[in-house]
Amino acid sequence: MESRIIYSSGVRLHALWRSGDGPAIIIVAGAMADAADFVPVAQAIGYDGPILIINRRGRGDSGPQGTDYDLFTEVGDLRAWIDEIGESIILVGWSMGGTIALETAARDSRVTSVIAYDPVLPPFAGEAVPALAAANLDERVVILNRDISEMPADEIAALRETPAWRHLRGLAAPLAAELEALNSFSTTADWRSIDASFLVGEYCRGEPPYGPAFERASAAVPSADVTVLEGHGHLAHAKDPEFLGTQIGRLLRSKR
């Protein structure tokens, strides 16, 4: 995929782009992932049209979050990408990226549909923000996995010995500000009219922190169909990107 650059409110935004014919898909990752992490998912969707995978502020080759950063900053950035690539946009979002996609769809008629995997509405892990803001990058990764995701200590220790840890350290840099933005967010547009499909990890359903946050998002779009990703939790994009991409592709074909 090719790099693509735009500027939103003077901030550089980077994405990975593949051209094609038909409506464009824009993929919006949540925290602790960047555009490169979703390339295998995009490849497995089985879609010949254009695909854009964005690097949100604070990751990849995109610029910093800025002093006035909030979730509406992210909505503005996503709408700037829509300005760049045209109308009839399909949004695919994971976690906080799903929340950004849904709020954007409610505000922008150029978005025809949304597929959201584990979108979250607050309150979500707000109690971890002070510790995250004070921690170094290694400690931030530990706090995320130990205190938010409730990963066992031996699994965190094993993860720390893998090449993935370095990548996670970089992604942890914007995390405190992202969680603060999410917990300060409330929907300002009507989500009920969005043409949306939801994916939810089997192991997240009903289980904090992701399950209740997903249920709040799902309740805001009561017409949305919900597909359970059996055998998965919140990280299907990392653990089995081909499976996740196949599920997204199936939903896309059902809407066409």
# chains A, B, ... in the order shown; residues from 1 in each chain; ligands from 1
$ closest_atom_pairs --of "stretch 95-116 of chain A" --to "stretch 217-235 of chain A" --cutoff "12 Å" --atoms "only C-alpha atoms" --output "CSV"
residue,atom,partner,partner_atom,distance
A:Ser95,CA,A:His234,CA,8.0
A:Met96,CA,A:Ala217,CA,10.7
A:Gly98,CA,A:Ala217,CA,9.3
A:Thr99,CA,A:Ala217,CA,7.8
A:Ile100,CA,A:Ala217,CA,11.4
A:Ala101,CA,A:Ala217,CA,11.7
A:Leu102,CA,A:Ala217,CA,9.1
A:Glu103,CA,A:Ala217,CA,10.6
A:Ala105,CA,A:Val221,CA,11.7
A:Ala106,CA,A:Val221,CA,10.5
A:Ser113,CA,A:Ala224,CA,10.6
A:Val114,CA,A:Ala224,CA,9.6
A:Ile115,CA,A:Ala224,CA,9.5
A:Ala116,CA,A:Val226,CA,9.6
$ write_last_selection --atoms "N, CA and C atoms" --output "compact mmCIF listing (two decimals), in the first residue's frame"
# COMPACT_ATOMS: atom_id res chain seq x y z
N SER A 95 -12.62 -0.61 18.31
CA SER A 95 -12.52 -0.03 19.64
C SER A 95 -12.81 1.47 19.57
N MET A 96 -11.92 2.32 20.08
CA MET A 96 -12.15 3.76 20.01
C MET A 96 -12.29 4.22 18.56
N GLY A 98 -13.90 2.63 16.33
CA GLY A 98 -15.30 2.42 16.02
C GLY A 98 -16.16 3.55 16.54
N THR A 99 -15.84 4.06 17.72
CA THR A 99 -16.56 5.20 18.29
C THR A 99 -16.40 6.43 17.41
N ILE A 100 -15.18 6.69 16.97
CA ILE A 100 -14.91 7.81 16.07
C ILE A 100 -15.69 7.64 14.76
N ALA A 101 -15.70 6.43 14.23
CA ALA A 101 -16.41 6.16 12.98
C ALA A 101 -17.90 6.41 13.13
N LEU A 102 -18.48 5.97 14.24
CA LEU A 102 -19.92 6.12 14.44
C LEU A 102 -20.31 7.58 14.61
N GLU A 103 -19.54 8.34 15.38
CA GLU A 103 -19.85 9.76 15.54
C GLU A 103 -19.70 10.49 14.22
N ALA A 105 -20.12 9.17 11.19
CA ALA A 105 -21.24 8.78 10.33
C ALA A 105 -22.51 9.53 10.68
N ALA A 106 -22.72 9.77 11.97
CA ALA A 106 -23.91 10.49 12.40
C ALA A 106 -23.89 11.95 11.97
N SER A 113 -22.22 3.64 5.47
CA SER A 113 -22.39 2.58 6.46
C SER A 113 -21.14 2.47 7.31
N VAL A 114 -21.31 1.80 8.47
CA VAL A 114 -20.21 1.61 9.41
C VAL A 114 -20.19 0.15 9.86
N ILE A 115 -19.00 -0.42 9.90
CA ILE A 115 -18.78 -1.72 10.55
C ILE A 115 -17.84 -1.46 11.72
N ALA A 116 -18.32 -1.71 12.93
CA ALA A 116 -17.55 -1.37 14.12
C ALA A 116 -17.32 -2.63 14.96
$ select_by_dssp --residues "stretch 64-99 of chain A" --states "strand (DSSP E)" --output "NGL selection string"
:A and (89-94)
$ write_last_selection --atoms "C-alpha atoms" --output "short mmCIF file (atom, residue, chain, number, x, y, z; two decimals), in the first residue's frame"
data_model
loop_
_atom_site.label_atom_id
_atom_site.label_comp_id
_atom_site.auth_asym_id
_atom_site.auth_seq_id
_atom_site.Cartn_x
_atom_site.Cartn_y
_atom_site.Cartn_z
CA ILE A 89 -17.52 6.17 2.22
CA ILE A 90 -17.71 2.95 4.23
CA LEU A 91 -16.10 3.23 7.66
CA VAL A 92 -14.58 0.28 9.49
CA GLY A 93 -13.49 0.96 13.07
CA TRP A 94 -12.06 -1.00 15.97
#
$ select_by_dssp --residues "stretch 59-193 of chain A" --states "alpha helix (DSSP H)" --output "PyMOL selection string"
chain A and resi 71-85+96-107+129-134+137-143+153-160+164-171+175-183
$ residues_around --residues "stretch 53-59 of chain A" --least-positions-apart "3" --cutoff "7 Å" --atoms "only C-alpha atoms" --output "ChimeraX atom specification"
/A:13-17,26-28,34-35,62-65,171,174
$ write_last_selection --atoms "C-alpha atoms" --output "mmCIF file, in the first residue's frame"
data_model
loop_
_atom_site.group_PDB
_atom_site.id
_atom_site.type_symbol
_atom_site.label_atom_id
_atom_site.label_comp_id
_atom_site.auth_asym_id
_atom_site.auth_seq_id
_atom_site.Cartn_x
_atom_site.Cartn_y
_atom_site.Cartn_z
ATOM 1 C CA LEU A 13 -1.945 13.050 8.955
ATOM 2 C CA HIS A 14 -0.621 9.861 7.394
ATOM 3 C CA ALA A 15 -2.459 6.860 5.972
ATOM 4 C CA LEU A 16 -1.860 3.780 3.855
ATOM 5 C CA TRP A 17 -3.766 3.788 0.572
ATOM 6 C CA ILE A 26 -11.619 3.853 5.525
ATOM 7 C CA ILE A 27 -10.268 1.763 8.411
ATOM 8 C CA VAL A 28 -9.893 3.501 11.783
ATOM 9 C CA ASP A 34 -1.535 1.746 13.881
ATOM 10 C CA ALA A 35 -2.265 1.539 10.163
ATOM 11 C CA SER A 62 1.037 11.400 11.768
ATOM 12 C CA GLY A 63 1.570 14.484 13.881
ATOM 13 C CA PRO A 64 0.924 15.034 17.604
ATOM 14 C CA GLN A 65 -2.455 15.117 19.307
ATOM 15 C CA LEU A 171 1.652 3.073 20.694
ATOM 16 C CA PRO A 174 -0.864 8.826 23.119
#
$ closest_residue --among "A:Ala31, A:Gly97, A:Thr112, A:Gln43" --to "A:Leu244" --atoms "only C-alpha atoms"
A:Gln43
$ decode --residues "stretch 82-173 of chain A" --atoms "C-alpha atoms" --output "mmCIF file, in the first residue's frame"
data_model
loop_
_atom_site.group_PDB
_atom_site.id
_atom_site.type_symbol
_atom_site.label_atom_id
_atom_site.label_comp_id
_atom_site.auth_asym_id
_atom_site.auth_seq_id
_atom_site.Cartn_x
_atom_site.Cartn_y
_atom_site.Cartn_z
ATOM 1 C CA ILE A 82 -13.299 11.994 3.538
ATOM 2 C CA ASP A 83 -12.812 15.407 1.933
ATOM 3 C CA GLU A 84 -9.634 14.058 0.366
ATOM 4 C CA ILE A 85 -10.928 10.809 -1.126
ATOM 5 C CA GLY A 86 -14.550 11.580 -2.013
ATOM 6 C CA GLU A 87 -18.114 10.532 -1.277
ATOM 7 C CA SER A 88 -19.832 7.188 -0.582
ATOM 8 C CA ILE A 89 -17.519 6.169 2.224
ATOM 9 C CA ILE A 90 -17.711 2.948 4.228
ATOM 10 C CA LEU A 91 -16.100 3.230 7.659
ATOM 11 C CA VAL A 92 -14.582 0.277 9.494
ATOM 12 C CA GLY A 93 -13.493 0.958 13.074
ATOM 13 C CA TRP A 94 -12.057 -0.999 15.973
ATOM 14 C CA SER A 95 -12.516 -0.026 19.640
ATOM 15 C CA MET A 96 -12.148 3.759 20.007
ATOM 16 C CA GLY A 97 -11.794 3.841 16.226
ATOM 17 C CA GLY A 98 -15.301 2.417 16.021
ATOM 18 C CA THR A 99 -16.560 5.199 18.291
ATOM 19 C CA ILE A 100 -14.909 7.812 16.073
ATOM 20 C CA ALA A 101 -16.406 6.164 12.980
ATOM 21 C CA LEU A 102 -19.922 6.119 14.444
ATOM 22 C CA GLU A 103 -19.852 9.757 15.538
ATOM 23 C CA THR A 104 -18.511 10.744 12.119
ATOM 24 C CA ALA A 105 -21.243 8.777 10.325
ATOM 25 C CA ALA A 106 -23.914 10.488 12.400
ATOM 26 C CA ARG A 107 -22.535 13.884 11.332
ATOM 27 C CA ASP A 108 -21.556 13.250 7.705
ATOM 28 C CA SER A 109 -23.977 12.026 5.036
ATOM 29 C CA ARG A 110 -21.102 10.952 2.814
ATOM 30 C CA VAL A 111 -20.675 7.922 5.098
ATOM 31 C CA THR A 112 -23.035 5.250 3.819
ATOM 32 C CA SER A 113 -22.390 2.580 6.464
ATOM 33 C CA VAL A 114 -20.208 1.608 9.412
ATOM 34 C CA ILE A 115 -18.777 -1.719 10.551
ATOM 35 C CA ALA A 116 -17.551 -1.373 14.123
ATOM 36 C CA TYR A 117 -15.647 -4.024 16.097
ATOM 37 C CA ASP A 118 -15.968 -3.540 19.872
ATOM 38 C CA PRO A 119 -16.767 0.197 19.775
ATOM 39 C CA VAL A 120 -16.712 1.736 23.252
ATOM 40 C CA LEU A 121 -18.705 4.436 24.990
ATOM 41 C CA PRO A 122 -17.657 5.855 28.358
ATOM 42 C CA PRO A 123 -17.113 5.379 31.175
ATOM 43 C CA PHE A 124 -14.091 3.325 30.172
ATOM 44 C CA ALA A 125 -10.921 2.892 32.259
ATOM 45 C CA GLY A 126 -10.909 6.532 33.298
ATOM 46 C CA GLU A 127 -9.442 5.611 36.664
ATOM 47 C CA ALA A 128 -6.226 4.551 34.898
ATOM 48 C CA VAL A 129 -5.602 7.927 33.237
ATOM 49 C CA PRO A 130 -3.593 9.600 36.078
ATOM 50 C CA ALA A 131 -1.248 6.619 36.384
ATOM 51 C CA LEU A 132 -0.828 6.393 32.621
ATOM 52 C CA ALA A 133 -0.072 10.089 32.316
ATOM 53 C CA ALA A 134 2.671 9.834 34.970
ATOM 54 C CA ALA A 135 4.219 6.593 33.674
ATOM 55 C CA ASN A 136 7.016 5.962 31.206
ATOM 56 C CA LEU A 137 6.268 3.991 28.068
ATOM 57 C CA ASP A 138 7.121 0.583 29.525
ATOM 58 C CA GLU A 139 4.946 1.246 32.550
ATOM 59 C CA ARG A 140 2.086 2.391 30.321
ATOM 60 C CA VAL A 141 2.069 -0.926 28.500
ATOM 61 C CA VAL A 142 2.031 -2.735 31.843
ATOM 62 C CA ILE A 143 -0.809 -0.581 33.197
ATOM 63 C CA LEU A 144 -2.879 -1.165 30.074
ATOM 64 C CA ASN A 145 -2.476 -4.906 30.166
ATOM 65 C CA ARG A 146 -2.531 -5.420 33.942
ATOM 66 C CA ASP A 147 -5.061 -2.845 35.162
ATOM 67 C CA ILE A 148 -7.345 -2.388 32.149
ATOM 68 C CA SER A 149 -7.219 -5.661 30.215
ATOM 69 C CA GLU A 150 -6.537 -7.765 33.353
ATOM 70 C CA MET A 151 -3.802 -9.803 31.692
ATOM 71 C CA PRO A 152 -2.026 -12.201 34.085
ATOM 72 C CA ALA A 153 1.427 -11.133 35.232
ATOM 73 C CA ASP A 154 3.168 -14.122 33.617
ATOM 74 C CA GLU A 155 1.628 -13.261 30.238
ATOM 75 C CA ILE A 156 2.769 -9.649 30.555
ATOM 76 C CA ALA A 157 6.274 -10.842 31.396
ATOM 77 C CA ALA A 158 6.275 -13.132 28.362
ATOM 78 C CA LEU A 159 4.996 -10.331 26.128
ATOM 79 C CA ARG A 160 7.794 -8.088 27.344
ATOM 80 C CA GLU A 161 10.342 -10.517 25.905
ATOM 81 C CA THR A 162 8.848 -10.419 22.402
ATOM 82 C CA PRO A 163 9.589 -7.976 19.547
ATOM 83 C CA ALA A 164 5.986 -6.727 19.881
ATOM 84 C CA TRP A 165 6.857 -4.912 23.123
ATOM 85 C CA ARG A 166 8.849 -2.208 21.347
ATOM 86 C CA HIS A 167 5.910 -1.561 19.030
ATOM 87 C CA LEU A 168 3.505 -1.381 21.977
ATOM 88 C CA ARG A 169 5.760 1.137 23.764
ATOM 89 C CA GLY A 170 5.412 3.519 20.835
ATOM 90 C CA LEU A 171 1.652 3.073 20.694
ATOM 91 C CA ALA A 172 1.375 3.756 24.427
ATOM 92 C CA ALA A 173 2.577 7.352 24.021
#
